[in-house]
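A.B. asks: Take this structure first; my questions come after.
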Amino acid sequence: MPAPFDVDISHSSKLYLIVQDSLSTAPDKAAPLWVQPELVGPSGVTPLSALKPLDASGLRDDHSELRIAGVPETNVPALRVKLSSVVVYDIAGKGFTRFKAAPGHELAPCPAR
């Protein structure tokens with residue numbers, strides 16, 4: 001089960017989501033995710049998917065059903081990112097005070113035999 005975190009971003013103008021490969025032994029077996037990413041502010045909760053990153057090159061373009069490791073539900077929102085990526089969001093002036101998410105991964109599909 002992904003372990004959630006909650007970070008104060010009240011004095012931030014940009015949100016950096018960084019994923020770095022630390023000598024993974026099997027990068028082809030799983031792909032990184034930010035599980036249930038959301039921004040909190042005076043107006044309530046905003047899903048991260050409501051914002052566009054400054055550069056989308058770190059995102060994985062995959063629209064298949066999510067299979068998050070350790071999470072039995074398939075309707076949990078998640079941001080698919082590439083291994084060793086930096087995704088940046090401009091949050092200046094939007095009033096966000098907290099960023100909540102959990103790092104996770106989804107299992108890569110098994111090759112057909």
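Chain labels follow the order of the structure tokens: the first chain is A, the next B, and so on; residue numbering restarts at 1 in every chain, and ligands are counted from 1 in their shown order.
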For region 41-48 of chain A, please output as a PyMOL selection string all residues within 10 Å (counting only C-alpha atoms; exclusion window: fewer than 6 positions along the same chain).

C.D. replies: chain A and resi 9-10+34+77-79+89+94-101

A.B. asks: For the residues selected in the previous step, produce a file with N, CA and C atoms as a compact mmCIF listing (two decimals), in the first residue's frame.

C.D. replies:
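This went into out_1.txt:
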```txt
# COMPACT_ATOMS: atom_id res chain seq x y z
N ILE A 9 3.05 23.68 1.05
CA ILE A 9 3.52 24.37 -0.16
C ILE A 9 3.05 25.83 -0.16
N SER A 10 2.67 26.33 1.01
CA SER A 10 2.09 27.67 1.11
C SER A 10 3.03 28.79 0.65
N TRP A 34 2.36 8.84 -9.00
CA TRP A 34 2.00 9.66 -7.85
C TRP A 34 0.53 9.34 -7.63
N PRO A 77 -7.27 7.83 -8.45
CA PRO A 77 -6.54 8.68 -9.39
C PRO A 77 -5.03 8.60 -9.17
N ALA A 78 -4.30 8.64 -10.26
CA ALA A 78 -2.83 8.60 -10.17
C ALA A 78 -2.23 9.29 -11.38
N LEU A 79 -1.06 9.84 -11.18
CA LEU A 79 -0.31 10.50 -12.25
C LEU A 79 0.80 9.54 -12.68
N TYR A 89 5.00 21.99 -11.93
CA TYR A 89 3.73 22.71 -12.05
C TYR A 89 3.91 24.12 -11.50
N LYS A 94 -2.06 30.72 -6.78
CA LYS A 94 -3.27 29.90 -6.81
C LYS A 94 -3.82 29.61 -5.41
N GLY A 95 -3.10 30.01 -4.37
CA GLY A 95 -3.59 29.86 -3.01
C GLY A 95 -3.45 28.48 -2.39
N PHE A 96 -2.74 27.59 -3.05
CA PHE A 96 -2.58 26.25 -2.49
C PHE A 96 -1.68 26.29 -1.26
N THR A 97 -2.03 25.51 -0.26
CA THR A 97 -1.25 25.47 0.98
C THR A 97 -0.65 24.10 1.26
N ARG A 98 -1.23 23.03 0.72
CA ARG A 98 -0.76 21.67 0.99
C ARG A 98 -0.75 20.88 -0.31
N PHE A 99 0.20 19.95 -0.41
CA PHE A 99 0.22 18.96 -1.49
C PHE A 99 0.17 17.60 -0.82
N LYS A 100 -0.80 16.79 -1.24
CA LYS A 100 -0.97 15.45 -0.69
C LYS A 100 -0.89 14.44 -1.83
N ALA A 101 -0.20 13.35 -1.57
CA ALA A 101 -0.07 12.28 -2.56
C ALA A 101 0.58 11.08 -1.87
```

A.B. asks: Taking the backbone alone, and naming residues the way the document does, which bits of region 25-113 of chain A are strand (DSSP E or B) by DSSP, as a ChimeraX atom specification?

C.D. replies: /A:30-41,44-47,59,68,78-81,85-90,98-107

A.B. asks: As an exercise, work out the distance from CA of Leu66 (chain A) to CA of Ala30 (chain A) in Å and give it to one decimal place.

C.D. replies: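 CA of Ala30 (chain A) lies 12.1 Å from CA of Leu66 (chain A).
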
A.B. asks: To one decimal place in Å, what is the distance between CA of Pro2 (chain A) and CA of Ile91 (chain A)?

C.D. replies: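 Answer for the CA of Pro2 (chain A) to CA of Ile91 (chain A) separation: 24.9 Å.
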